[in-house]
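Okay, so here's the structure we're looking at.
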Amino acid sequence: MITKQKNKIIVVTGIPGSGKTTILTRAMKHLKTQNINYTHLSFGTEMFEIAKKEGIIKTRDQLRKIDTETQKKIQVKASKQIVKMSKKTNIVFDTHATIKTPKGYLIGFPEWVVKEIRPDILVIMEATPKEIHHRRQNDKTRTRDHETEEAIEEHQMMNRSATIVSGTMSGSTINIIKNRHNKINDAVNELVEVMK
């Protein structure tokens, strides 16, 4: 029998350049003015801190280059930390539903993570492949793999597929929010409504 945590757990996914972290940060500011509080985590950061502490990697961008067995072990450890935190507060974390690795797509929110965390809501943040491509080219703060617009479209399709499976396993609702050019406030408002 599945027992839910006392507090909400919401997962916001999107491929690099979709705007998930920016929109989530702005949505949380709006919610705070309404006395609705969440602790914002990044699944990648949680994984990075574990991998760094264990001496596996030195930079966050190295995460997707780690062998899949090691990634799985790190994912389980990060999941357990998030569940522990959810006993004290609402949790929202951003992650990637899929991660493009040298050996193919790695599911960022696989069965062992979904079953551990049991999220209430799954959100997919999307933008057009052209917009994502442009954002990545202009982001000098990260080391991004170069992907064509066709590859970006495929990656977003893989994210939808993976999120549907996660929703099926967890019983979560799924929301797709479009982050359109010059319409960021629309995406922020949509996410605020989902998180209320």
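Going by the structure tokens order, chains are called A, B, ..., each with residues numbered from 1, while ligands are numbered from 1 in the order shown.
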Please identify every residue of region 66-159 of chain A that has at least one atom no farther than 10 Å from an atom of region 15-31 of chain A, counting only C-alpha atoms, and for each give the shortest atom pair and the distance in Å to one decimal, arranged by chain then increasing number, as CSV.
residue,atom,partner,partner_atom,distance
A:Val92,CA,A:Leu24,CA,8.7
A:Phe93,CA,A:Leu24,CA,8.8
A:Asp94,CA,A:Thr21,CA,6.7
A:Thr95,CA,A:Ile15,CA,8.6
A:His96,CA,A:Ile15,CA,6.0
A:Ala97,CA,A:Ile15,CA,7.8
A:Thr98,CA,A:Ile15,CA,7.7
A:Ile99,CA,A:Ile15,CA,8.1
A:Lys100,CA,A:Ile15,CA,9.5
A:Val123,CA,A:Lys20,CA,9.4
A:Ile124,CA,A:Lys20,CA,8.3
A:Met125,CA,A:Lys20,CA,5.7
A:Glu126,CA,A:Ser18,CA,5.4
A:Ala127,CA,A:Ser18,CA,5.5
A:Thr128,CA,A:Ser18,CA,8.4
A:Pro129,CA,A:Ser18,CA,9.0
A:Glu131,CA,A:Gly17,CA,8.1
A:Ile132,CA,A:Gly17,CA,4.9
A:His133,CA,A:Gly17,CA,7.4
A:His134,CA,A:Gly17,CA,8.5
A:Arg135,CA,A:Gly17,CA,5.7
A:Arg136,CA,A:Gly17,CA,5.7
A:Gln137,CA,A:Gly17,CA,9.4
A:Asn138,CA,A:Gly17,CA,9.9
A:Asp139,CA,A:Gly17,CA,8.6
A:Arg142,CA,A:Pro16,CA,9.9
A:Arg144,CA,A:Pro16,CA,8.2
A:Asp145,CA,A:Pro16,CA,9.7
A:Ile152,CA,A:Ile15,CA,8.2
A:His155,CA,A:Ile15,CA,7.3
A:Gln156,CA,A:Ile15,CA,6.8
A:Met158,CA,A:Ile15,CA,10.0
A:Asn159,CA,A:Ile15,CA,7.7
Among region 56-133 of chain A, which ones does DSSP assign to helix (DSSP H, G or I) (computed from the backbone)? Answer as a PDB file with N, CA and C atoms, in the first residue's frame.
ATOM      1  N   ARG A  60      29.663  19.760 -12.166  1.00  0.00           N
ATOM      2  CA  ARG A  60      28.305  19.268 -12.385  1.00  0.00           C
ATOM      3  C   ARG A  60      28.089  18.740 -13.799  1.00  0.00           C
ATOM      4  N   ASP A  61      28.694  19.379 -14.779  1.00  0.00           N
ATOM      5  CA  ASP A  61      28.502  18.948 -16.160  1.00  0.00           C
ATOM      6  C   ASP A  61      29.086  17.559 -16.428  1.00  0.00           C
ATOM      7  N   GLN A  62      29.914  17.050 -15.524  1.00  0.00           N
ATOM      8  CA  GLN A  62      30.460  15.697 -15.666  1.00  0.00           C
ATOM      9  C   GLN A  62      29.431  14.626 -15.294  1.00  0.00           C
ATOM     10  N   LEU A  63      28.331  15.016 -14.656  1.00  0.00           N
ATOM     11  CA  LEU A  63      27.319  14.041 -14.227  1.00  0.00           C
ATOM     12  C   LEU A  63      26.852  13.144 -15.366  1.00  0.00           C
ATOM     13  N   ARG A  64      26.553  13.739 -16.516  1.00  0.00           N
ATOM     14  CA  ARG A  64      25.994  12.941 -17.608  1.00  0.00           C
ATOM     15  C   ARG A  64      27.032  12.052 -18.285  1.00  0.00           C
ATOM     16  N   LYS A  65      28.292  12.166 -17.882  1.00  0.00           N
ATOM     17  CA  LYS A  65      29.354  11.331 -18.452  1.00  0.00           C
ATOM     18  C   LYS A  65      29.678  10.125 -17.564  1.00  0.00           C
ATOM     19  N   THR A  68      26.358   4.453 -16.213  1.00  0.00           N
ATOM     20  CA  THR A  68      24.955   4.393 -15.785  1.00  0.00           C
ATOM     21  C   THR A  68      24.760   3.712 -14.436  1.00  0.00           C
ATOM     22  N   GLU A  69      25.548   2.711 -14.108  1.00  0.00           N
ATOM     23  CA  GLU A  69      25.391   2.049 -12.800  1.00  0.00           C
ATOM     24  C   GLU A  69      25.691   3.015 -11.659  1.00  0.00           C
ATOM     25  N   THR A  70      26.743   3.802 -11.817  1.00  0.00           N
ATOM     26  CA  THR A  70      27.090   4.790 -10.788  1.00  0.00           C
ATOM     27  C   THR A  70      26.009   5.861 -10.712  1.00  0.00           C
ATOM     28  N   GLN A  71      25.496   6.289 -11.864  1.00  0.00           N
ATOM     29  CA  GLN A  71      24.419   7.281 -11.867  1.00  0.00           C
ATOM     30  C   GLN A  71      23.205   6.761 -11.112  1.00  0.00           C
ATOM     31  N   LYS A  72      22.868   5.504 -11.310  1.00  0.00           N
ATOM     32  CA  LYS A  72      21.712   4.919 -10.622  1.00  0.00           C
ATOM     33  C   LYS A  72      21.892   4.962  -9.107  1.00  0.00           C
ATOM     34  N   LYS A  73      23.074   4.598  -8.640  1.00  0.00           N
ATOM     35  CA  LYS A  73      23.341   4.612  -7.196  1.00  0.00           C
ATOM     36  C   LYS A  73      23.219   6.027  -6.630  1.00  0.00           C
ATOM     37  N   ILE A  74      23.725   6.988  -7.375  1.00  0.00           N
ATOM     38  CA  ILE A  74      23.645   8.383  -6.929  1.00  0.00           C
ATOM     39  C   ILE A  74      22.191   8.856  -6.929  1.00  0.00           C
ATOM     40  N   GLN A  75      21.409   8.464  -7.937  1.00  0.00           N
ATOM     41  CA  GLN A  75      19.990   8.832  -7.993  1.00  0.00           C
ATOM     42  C   GLN A  75      19.231   8.320  -6.771  1.00  0.00           C
ATOM     43  N   VAL A  76      19.491   7.093  -6.375  1.00  0.00           N
ATOM     44  CA  VAL A  76      18.804   6.518  -5.211  1.00  0.00           C
ATOM     45  C   VAL A  76      19.148   7.307  -3.954  1.00  0.00           C
ATOM     46  N   LYS A  77      20.413   7.640  -3.783  1.00  0.00           N
ATOM     47  CA  LYS A  77      20.826   8.408  -2.599  1.00  0.00           C
ATOM     48  C   LYS A  77      20.161   9.786  -2.585  1.00  0.00           C
ATOM     49  N   ALA A  78      20.117  10.445  -3.741  1.00  0.00           N
ATOM     50  CA  ALA A  78      19.476  11.764  -3.828  1.00  0.00           C
ATOM     51  C   ALA A  78      17.982  11.656  -3.529  1.00  0.00           C
ATOM     52  N   SER A  79      17.339  10.610  -4.018  1.00  0.00           N
ATOM     53  CA  SER A  79      15.903  10.396  -3.775  1.00  0.00           C
ATOM     54  C   SER A  79      15.607  10.266  -2.291  1.00  0.00           C
ATOM     55  N   LYS A  80      16.415   9.498  -1.607  1.00  0.00           N
ATOM     56  CA  LYS A  80      16.217   9.297  -0.167  1.00  0.00           C
ATOM     57  C   LYS A  80      16.358  10.621   0.593  1.00  0.00           C
ATOM     58  N   GLN A  81      17.306  11.454   0.178  1.00  0.00           N
ATOM     59  CA  GLN A  81      17.470  12.767   0.817  1.00  0.00           C
ATOM     60  C   GLN A  81      16.228  13.635   0.613  1.00  0.00           C
ATOM     61  N   ILE A  82      15.671  13.615  -0.586  1.00  0.00           N
ATOM     62  CA  ILE A  82      14.492  14.429  -0.898  1.00  0.00           C
ATOM     63  C   ILE A  82      13.287  13.968  -0.089  1.00  0.00           C
ATOM     64  N   VAL A  83      13.083  12.666   0.008  1.00  0.00           N
ATOM     65  CA  VAL A  83      11.960  12.141   0.799  1.00  0.00           C
ATOM     66  C   VAL A  83      12.104  12.568   2.257  1.00  0.00           C
ATOM     67  N   LYS A  84      13.300  12.507   2.771  1.00  0.00           N
ATOM     68  CA  LYS A  84      13.545  12.922   4.161  1.00  0.00           C
ATOM     69  C   LYS A  84      13.180  14.402   4.350  1.00  0.00           C
ATOM     70  N   MET A  85      13.575  15.244   3.406  1.00  0.00           N
ATOM     71  CA  MET A  85      13.255  16.675   3.485  1.00  0.00           C
ATOM     72  C   MET A  85      11.760  16.928   3.369  1.00  0.00           C
ATOM     73  N   SER A  86      11.050  16.095   2.581  1.00  0.00           N
ATOM     74  CA  SER A  86       9.618  16.312   2.342  1.00  0.00           C
ATOM     75  C   SER A  86       8.780  16.101   3.598  1.00  0.00           C
ATOM     76  N   GLU A 111      12.265   4.400 -12.542  1.00  0.00           N
ATOM     77  CA  GLU A 111      11.385   3.676 -11.624  1.00  0.00           C
ATOM     78  C   GLU A 111      11.847   3.756 -10.173  1.00  0.00           C
ATOM     79  N   TRP A 112      13.121   3.504  -9.915  1.00  0.00           N
ATOM     80  CA  TRP A 112      13.605   3.497  -8.530  1.00  0.00           C
ATOM     81  C   TRP A 112      13.520   4.872  -7.886  1.00  0.00           C
ATOM     82  N   VAL A 113      13.592   5.931  -8.669  1.00  0.00           N
ATOM     83  CA  VAL A 113      13.437   7.290  -8.139  1.00  0.00           C
ATOM     84  C   VAL A 113      11.956   7.595  -7.930  1.00  0.00           C
ATOM     85  N   VAL A 114      11.135   7.283  -8.923  1.00  0.00           N
ATOM     86  CA  VAL A 114       9.689   7.540  -8.837  1.00  0.00           C
ATOM     87  C   VAL A 114       9.086   6.822  -7.637  1.00  0.00           C
ATOM     88  N   LYS A 115       9.435   5.556  -7.463  1.00  0.00           N
ATOM     89  CA  LYS A 115       8.869   4.779  -6.356  1.00  0.00           C
ATOM     90  C   LYS A 115       9.351   5.275  -4.999  1.00  0.00           C
ATOM     91  N   GLU A 116      10.543   5.824  -4.940  1.00  0.00           N
ATOM     92  CA  GLU A 116      11.067   6.371  -3.682  1.00  0.00           C
ATOM     93  C   GLU A 116      10.398   7.702  -3.351  1.00  0.00           C
ATOM     94  N   ILE A 117      10.284   8.569  -4.348  1.00  0.00           N
ATOM     95  CA  ILE A 117       9.792   9.936  -4.115  1.00  0.00           C
ATOM     96  C   ILE A 117       8.269  10.033  -4.154  1.00  0.00           C
ATOM     97  N   PRO A 129      12.065  24.071 -30.408  1.00  0.00           N
ATOM     98  CA  PRO A 129      13.467  23.702 -30.596  1.00  0.00           C
ATOM     99  C   PRO A 129      14.338  24.892 -31.007  1.00  0.00           C
ATOM    100  N   LYS A 130      13.788  25.779 -31.822  1.00  0.00           N
ATOM    101  CA  LYS A 130      14.546  26.955 -32.266  1.00  0.00           C
ATOM    102  C   LYS A 130      14.901  27.847 -31.074  1.00  0.00           C
ATOM    103  N   GLU A 131      13.929  28.085 -30.179  1.00  0.00           N
ATOM    104  CA  GLU A 131      14.185  28.918 -29.000  1.00  0.00           C
ATOM    105  C   GLU A 131      15.219  28.271 -28.079  1.00  0.00           C
ATOM    106  N   ILE A 132      15.087  26.973 -27.870  1.00  0.00           N
ATOM    107  CA  ILE A 132      16.033  26.269 -26.999  1.00  0.00           C
ATOM    108  C   ILE A 132      17.438  26.327 -27.586  1.00  0.00           C
ATOM    109  N   HIS A 133      17.551  26.094 -28.876  1.00  0.00           N
ATOM    110  CA  HIS A 133      18.853  26.149 -29.553  1.00  0.00           C
ATOM    111  C   HIS A 133      19.491  27.521 -29.351  1.00  0.00           C
TER     112      HIS A 133
END
| Hey, which of A:Ile184, A:Met169, A:Ile56, A:Ile9 ends up closest to His40 (chain A)? Count only C-alpha atoms. |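 Between A:Ile184, A:Met169, A:Ile56, A:Ile9, the residue approaching His40 (chain A) most closely is A:Ile9.
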| task | Would you return as number ranges by chain the members of region 104-157 of chain A that DSSP assigns to strand (DSSP E) on this structure's backbone? | result | A: 104-107, 121-126
Based on the selection just made, write C-alpha atoms of those residues as a PDB file, in the first residue's frame.
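File produced: selection-v2.pdb:
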ATOM      1  CA  GLY A 104      21.756   7.007 -25.361  1.00  0.00           C
ATOM      2  CA  TYR A 105      19.009   8.583 -23.274  1.00  0.00           C
ATOM      3  CA  LEU A 106      19.214   7.949 -19.547  1.00  0.00           C
ATOM      4  CA  ILE A 107      15.894   8.268 -17.763  1.00  0.00           C
ATOM      5  CA  ILE A 121       2.538  16.511  -9.713  1.00  0.00           C
ATOM      6  CA  LEU A 122       4.857  16.257 -12.722  1.00  0.00           C
ATOM      7  CA  VAL A 123       5.404  19.350 -14.870  1.00  0.00           C
ATOM      8  CA  ILE A 124       7.088  19.385 -18.274  1.00  0.00           C
ATOM      9  CA  MET A 125       8.499  22.755 -19.331  1.00  0.00           C
ATOM     10  CA  GLU A 126       8.868  23.078 -23.108  1.00  0.00           C
TER      11      GLU A 126
END
| request: Pick out the residues sitting within 10 Å of Glu190 (chain A), and hand them over as an MDAnalysis selection string; count only C-alpha atoms, and ignore anything fewer than 3 positions along from it in its own chain. | output: chainID A and resid 23 27 175:178 184:187 193:195
Using the selection just defined, write its residues with N, CA and C atoms as a PDB file, in the first residue's frame.
ATOM      1  N   ILE A  23      11.710  29.811 -14.688  1.00  0.00           N
ATOM      2  CA  ILE A  23      10.264  29.907 -14.464  1.00  0.00           C
ATOM      3  C   ILE A  23       9.904  29.432 -13.065  1.00  0.00           C
ATOM      4  N   ALA A  27       8.047  31.586 -10.194  1.00  0.00           N
ATOM      5  CA  ALA A  27       6.775  31.088  -9.650  1.00  0.00           C
ATOM      6  C   ALA A  27       6.844  31.006  -8.129  1.00  0.00           C
ATOM      7  N   ASN A 175       1.407  18.020 -16.189  1.00  0.00           N
ATOM      8  CA  ASN A 175       1.100  19.308 -16.812  1.00  0.00           C
ATOM      9  C   ASN A 175       2.211  19.653 -17.788  1.00  0.00           C
ATOM     10  N   ILE A 176       1.841  20.137 -18.978  1.00  0.00           N
ATOM     11  CA  ILE A 176       2.820  20.608 -19.953  1.00  0.00           C
ATOM     12  C   ILE A 176       2.661  22.118 -20.046  1.00  0.00           C
ATOM     13  N   ILE A 177       3.738  22.828 -19.750  1.00  0.00           N
ATOM     14  CA  ILE A 177       3.718  24.292 -19.787  1.00  0.00           C
ATOM     15  C   ILE A 177       4.669  24.751 -20.887  1.00  0.00           C
ATOM     16  N   LYS A 178       4.157  25.595 -21.770  1.00  0.00           N
ATOM     17  CA  LYS A 178       4.951  26.120 -22.881  1.00  0.00           C
ATOM     18  C   LYS A 178       5.606  27.441 -22.475  1.00  0.00           C
ATOM     19  N   ILE A 184       7.151  34.713 -20.945  1.00  0.00           N
ATOM     20  CA  ILE A 184       7.589  34.004 -19.745  1.00  0.00           C
ATOM     21  C   ILE A 184       6.592  34.161 -18.599  1.00  0.00           C
ATOM     22  N   ASN A 185       5.954  35.322 -18.490  1.00  0.00           N
ATOM     23  CA  ASN A 185       4.986  35.525 -17.403  1.00  0.00           C
ATOM     24  C   ASN A 185       3.793  34.580 -17.512  1.00  0.00           C
ATOM     25  N   ASP A 186       3.392  34.248 -18.738  1.00  0.00           N
ATOM     26  CA  ASP A 186       2.306  33.276 -18.915  1.00  0.00           C
ATOM     27  C   ASP A 186       2.706  31.920 -18.344  1.00  0.00           C
ATOM     28  N   ALA A 187       3.934  31.504 -18.635  1.00  0.00           N
ATOM     29  CA  ALA A 187       4.426  30.218 -18.122  1.00  0.00           C
ATOM     30  C   ALA A 187       4.540  30.253 -16.600  1.00  0.00           C
ATOM     31  N   GLU A 193      -0.367  28.351 -10.660  1.00  0.00           N
ATOM     32  CA  GLU A 193      -1.667  27.693 -10.489  1.00  0.00           C
ATOM     33  C   GLU A 193      -1.515  26.201 -10.202  1.00  0.00           C
ATOM     34  N   VAL A 194      -0.578  25.567 -10.867  1.00  0.00           N
ATOM     35  CA  VAL A 194      -0.333  24.136 -10.647  1.00  0.00           C
ATOM     36  C   VAL A 194       0.160  23.883  -9.225  1.00  0.00           C
ATOM     37  N   MET A 195       1.001  24.781  -8.719  1.00  0.00           N
ATOM     38  CA  MET A 195       1.638  24.570  -7.414  1.00  0.00           C
ATOM     39  C   MET A 195       0.775  24.966  -6.223  1.00  0.00           C
TER      40      MET A 195
END
| query | Which distance in Å separates CA of Lys88 (chain A) and CA of Ile36 (chain A), to one decimal? | reply |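 Those two atoms sit 14.1 Å apart.
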